[in-house]
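Trainee: One structure, as structure tokens, below. Some questions next.
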Amino acid sequence: MMHAKLVSFTDRGAETLARIAALLGDMRVERYARTVDPSLAGTFLSRFAQQAMCDSDLVVFVGAAGIAVRAVAPCLAGKAFDPAVLVVDEAGKFVIPLLSGHLGGANELARRLADGLGATAVITTATDGRNVFAVDSWAKAHGCAVLDPENIKYVSGALLRGETAGLRSAFPVDGRLPAQVSLDAAAESGIFIGFDRTAAPFAHTLHLAPRVVHLGVGCRRGAARETIERAVQGALQTAGVPPEAICAAASVDLKRDEAGLLLFCGARGLPLGFYAADELQKAAGDFAASDFVRETVGADNVCERAAFLSSGGGQRLLGKTARDGVTVALYAENWRARFD
């Protein structure tokens, strides 16, 4: 669930803030109406901005754009890290995305709020203004991590100049490609969809990694978070899979209270699923079997079977690997690059 923080500075702005909060009912919303809530008296906007920019997905300032710009400026971390930041005037007539228009979804959120408020969304990104394919918006909408966001400018720049951008994919491609994007062109700038971040089919290659890799983990009782981290990092390196491609982790239900595993997944923001031993054992596939594991947990393999089930019966990227009492396996969903 997305986390939004909203702040206003006048009584009228507080009314607009309340309307915005109602439109964001699918998010966890924190409201800071500075003229209405006595508990905010004497607090610093700089502290609000610093915290919001670190722990929120969306920050909305109801007031002047200059206030928002000065508040967030010291906290900027980069295109790939900054949350969506919007400014809405106190009367709710205009919604302006200031930061993360594409990767953070600020442009789409601006349109959504504008529709709900009866306002005008003021979109300033060039690709939107000229109706040109925005690769970072496509990546976000289709669950892809942008591994080198600094290269977005090369692809977008080529398209805005009317040039062709190339596309290469390690996954099947469906649908009609956007204008000026070609699977065959020997372009200077282009997109690579896959896990190999060293692939360089173009002089300027933008790497998109689908977030479809499921991590299966088995471990000894009491395994430390750091031990699990090392085992996972080693497995990812062996398989040539970037950490950004992991979307979920899974294990046997006997590990529900395994502190190291919970801490590892919590630090990475990974949903962690559990399967009963008999459910794991029923999974149909070719898995490495261990009599010891069967006697201990009731299934002959934890990491492979858990990753397989979590991925919906996907493709094995890496079978069972063991390090320091931790076993790891990687499976990928059956994903396709889809274009409308």
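Chains: A, B, ... in order of the structure tokens. Residues: from 1 per chain. Ligands: from 1, in order shown.
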Quick one: pick out all strand (DSSP E) residues within stretch 137-312 of chain A from a backbone DSSP run and write them as an MDAnalysis selection string.
Mentor: chainID A and resid 144:146 165:169 173:174 181:182 189:193 204:210 213:219 246:252 272:275
Trainee: If you run DSSP on this backbone, which residues of stretch 102-279 of chain A come out as helix (DSSP H, G or I), and could you give them as a VMD selection string?
Mentor: chain A and resid 106 to 117 126 to 129 135 to 141 149 to 160 225 to 239 243 to 245 253 to 255 259 to 268 277 to 279
Trainee: For atom CA of A:Ser39 and atom CA of A:Asp11, quote the distance in Å rounded to one decimal.
Mentor: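 These atoms are spaced 15.3 Å apart.
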Trainee: Per residue of stretch 192-257 of chain A within 9 Å of stretch 263-272 of chain A, what are the shortest atom pair and its distance in Å to one decimal, counting only C-alpha atoms, with rows by chain and residue number, as JSON lines?
Mentor:
```
{"residue": "A:Ala224", "atom": "CA", "partner": "A:Phe264", "partner_atom": "CA", "distance": 8.8}
{"residue": "A:Arg225", "atom": "CA", "partner": "A:Phe264", "partner_atom": "CA", "distance": 5.3}
{"residue": "A:Glu226", "atom": "CA", "partner": "A:Phe264", "partner_atom": "CA", "distance": 7.8}
{"residue": "A:Ile228", "atom": "CA", "partner": "A:Phe264", "partner_atom": "CA", "distance": 7.2}
{"residue": "A:Glu229", "atom": "CA", "partner": "A:Phe264", "partner_atom": "CA", "distance": 6.8}
{"residue": "A:Ile246", "atom": "CA", "partner": "A:Leu270", "partner_atom": "CA", "distance": 8.0}
{"residue": "A:Cys247", "atom": "CA", "partner": "A:Leu270", "partner_atom": "CA", "distance": 6.4}
{"residue": "A:Ala248", "atom": "CA", "partner": "A:Pro271", "partner_atom": "CA", "distance": 5.2}
{"residue": "A:Ala249", "atom": "CA", "partner": "A:Leu272", "partner_atom": "CA", "distance": 4.8}
{"residue": "A:Ala250", "atom": "CA", "partner": "A:Leu272", "partner_atom": "CA", "distance": 5.4}
{"residue": "A:Ser251", "atom": "CA", "partner": "A:Leu272", "partner_atom": "CA", "distance": 7.8}
```
Trainee: Show me, as a PyMOL selection string, the residues that have an atom within 12 Å of A:Thr321 when counting only C-alpha atoms, minus same-chain residues fewer than 6 positions from it.
Mentor: chain A and resi 215-219+231-239+287-288+301-304+327-330
Trainee: Atoms to include: N, CA, C and O atoms. Write the selected residues as a short mmCIF file (atom, residue, chain, number, x, y, z; two decimals), in the first residue's frame.
Mentor:
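Result went into result_13.cif, see below:
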```
data_model
loop_
_atom_site.label_atom_id
_atom_site.label_comp_id
_atom_site.auth_asym_id
_atom_site.auth_seq_id
_atom_site.Cartn_x
_atom_site.Cartn_y
_atom_site.Cartn_z
N LEU A 215 12.20 -15.62 -4.58
CA LEU A 215 13.33 -16.14 -3.81
C LEU A 215 12.82 -17.20 -2.83
O LEU A 215 11.96 -16.92 -2.00
N GLY A 216 13.33 -18.42 -2.97
CA GLY A 216 13.01 -19.47 -2.02
C GLY A 216 14.15 -19.61 -1.03
O GLY A 216 15.32 -19.68 -1.44
N VAL A 217 13.83 -19.66 0.26
CA VAL A 217 14.88 -19.69 1.29
C VAL A 217 14.58 -20.78 2.32
O VAL A 217 13.46 -20.89 2.82
N GLY A 218 15.60 -21.55 2.61
CA GLY A 218 15.56 -22.46 3.75
C GLY A 218 16.77 -22.14 4.62
O GLY A 218 17.79 -21.68 4.11
N CYS A 219 16.66 -22.35 5.92
CA CYS A 219 17.81 -22.00 6.78
C CYS A 219 17.75 -22.76 8.10
O CYS A 219 16.69 -23.23 8.53
N ALA A 231 24.11 -15.32 1.61
CA ALA A 231 23.70 -16.46 0.78
C ALA A 231 22.87 -15.99 -0.42
O ALA A 231 23.05 -16.48 -1.54
N VAL A 232 21.98 -15.05 -0.19
CA VAL A 232 21.15 -14.55 -1.28
C VAL A 232 21.98 -13.79 -2.30
O VAL A 232 21.84 -13.96 -3.51
N GLN A 233 22.88 -12.95 -1.81
CA GLN A 233 23.75 -12.19 -2.72
C GLN A 233 24.59 -13.13 -3.57
O GLN A 233 24.75 -12.91 -4.78
N GLY A 234 25.10 -14.19 -2.97
CA GLY A 234 25.88 -15.16 -3.73
C GLY A 234 25.04 -15.85 -4.80
O GLY A 234 25.50 -16.06 -5.93
N ALA A 235 23.80 -16.18 -4.45
CA ALA A 235 22.91 -16.84 -5.42
C ALA A 235 22.58 -15.90 -6.58
O ALA A 235 22.57 -16.31 -7.74
N LEU A 236 22.32 -14.65 -6.27
CA LEU A 236 22.00 -13.67 -7.32
C LEU A 236 23.19 -13.48 -8.26
O LEU A 236 23.03 -13.41 -9.48
N GLN A 237 24.38 -13.42 -7.70
CA GLN A 237 25.57 -13.26 -8.54
C GLN A 237 25.78 -14.47 -9.43
O GLN A 237 26.11 -14.35 -10.61
N THR A 238 25.57 -15.65 -8.87
CA THR A 238 25.73 -16.88 -9.65
C THR A 238 24.74 -16.92 -10.81
O THR A 238 25.09 -17.32 -11.93
N ALA A 239 23.50 -16.50 -10.55
CA ALA A 239 22.46 -16.55 -11.57
C ALA A 239 22.49 -15.35 -12.50
O ALA A 239 21.81 -15.36 -13.54
N PHE A 287 13.01 -31.37 -8.41
CA PHE A 287 13.68 -30.63 -7.34
C PHE A 287 14.74 -31.50 -6.68
O PHE A 287 14.58 -32.72 -6.57
N ALA A 288 15.81 -30.87 -6.24
CA ALA A 288 16.84 -31.58 -5.49
C ALA A 288 16.23 -32.09 -4.18
O ALA A 288 15.58 -31.32 -3.46
N ASN A 301 12.57 -30.70 0.06
CA ASN A 301 13.24 -29.49 -0.44
C ASN A 301 12.37 -28.30 -0.07
O ASN A 301 11.17 -28.31 -0.31
N VAL A 302 12.99 -27.30 0.50
CA VAL A 302 12.24 -26.10 0.88
C VAL A 302 12.42 -24.99 -0.13
O VAL A 302 11.46 -24.45 -0.70
N CYS A 303 13.68 -24.62 -0.41
CA CYS A 303 13.92 -23.40 -1.20
C CYS A 303 13.38 -23.50 -2.62
O CYS A 303 12.70 -22.58 -3.10
N GLU A 304 13.65 -24.61 -3.32
CA GLU A 304 13.18 -24.73 -4.70
C GLU A 304 11.66 -24.83 -4.78
O GLU A 304 11.02 -24.16 -5.59
N THR A 327 19.89 -22.23 2.39
CA THR A 327 19.68 -22.67 1.01
C THR A 327 18.82 -21.65 0.27
O THR A 327 17.89 -21.08 0.84
N VAL A 328 19.15 -21.44 -0.99
CA VAL A 328 18.48 -20.42 -1.79
C VAL A 328 18.19 -20.99 -3.19
O VAL A 328 19.00 -21.73 -3.75
N ALA A 329 17.04 -20.63 -3.73
CA ALA A 329 16.69 -20.95 -5.11
C ALA A 329 15.96 -19.76 -5.71
O ALA A 329 15.32 -18.97 -4.99
N LEU A 330 16.04 -19.63 -7.03
CA LEU A 330 15.42 -18.51 -7.73
C LEU A 330 14.54 -19.02 -8.87
O LEU A 330 14.99 -19.80 -9.71
#
```
Trainee: Using only C-alpha atoms, which residues sit within 9 Å of stretch 154-170 of chain A once same-chain residues fewer than 2 positions away are excluded, as a ChimeraX atom specification?
Mentor: /A:126-127,130,132-135,150-152,172-173,179-196,201-202,204-206,337
Trainee: Looking at A:Gly285, A:Pro38, A:Gly273, A:Pro97, which one is nearest to A:Ser310, with distances taken over only C-alpha atoms?
Mentor: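 Smallest separation from A:Ser310 among the options: A:Gly273.
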Trainee: Between atom CA of A:His207 and atom CA of A:Leu177, what distance in Å does the model show, to one decimal?
Mentor: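 According to the coordinates, atom CA of A:His207 and atom CA of A:Leu177 are separated by 17.3 Å.
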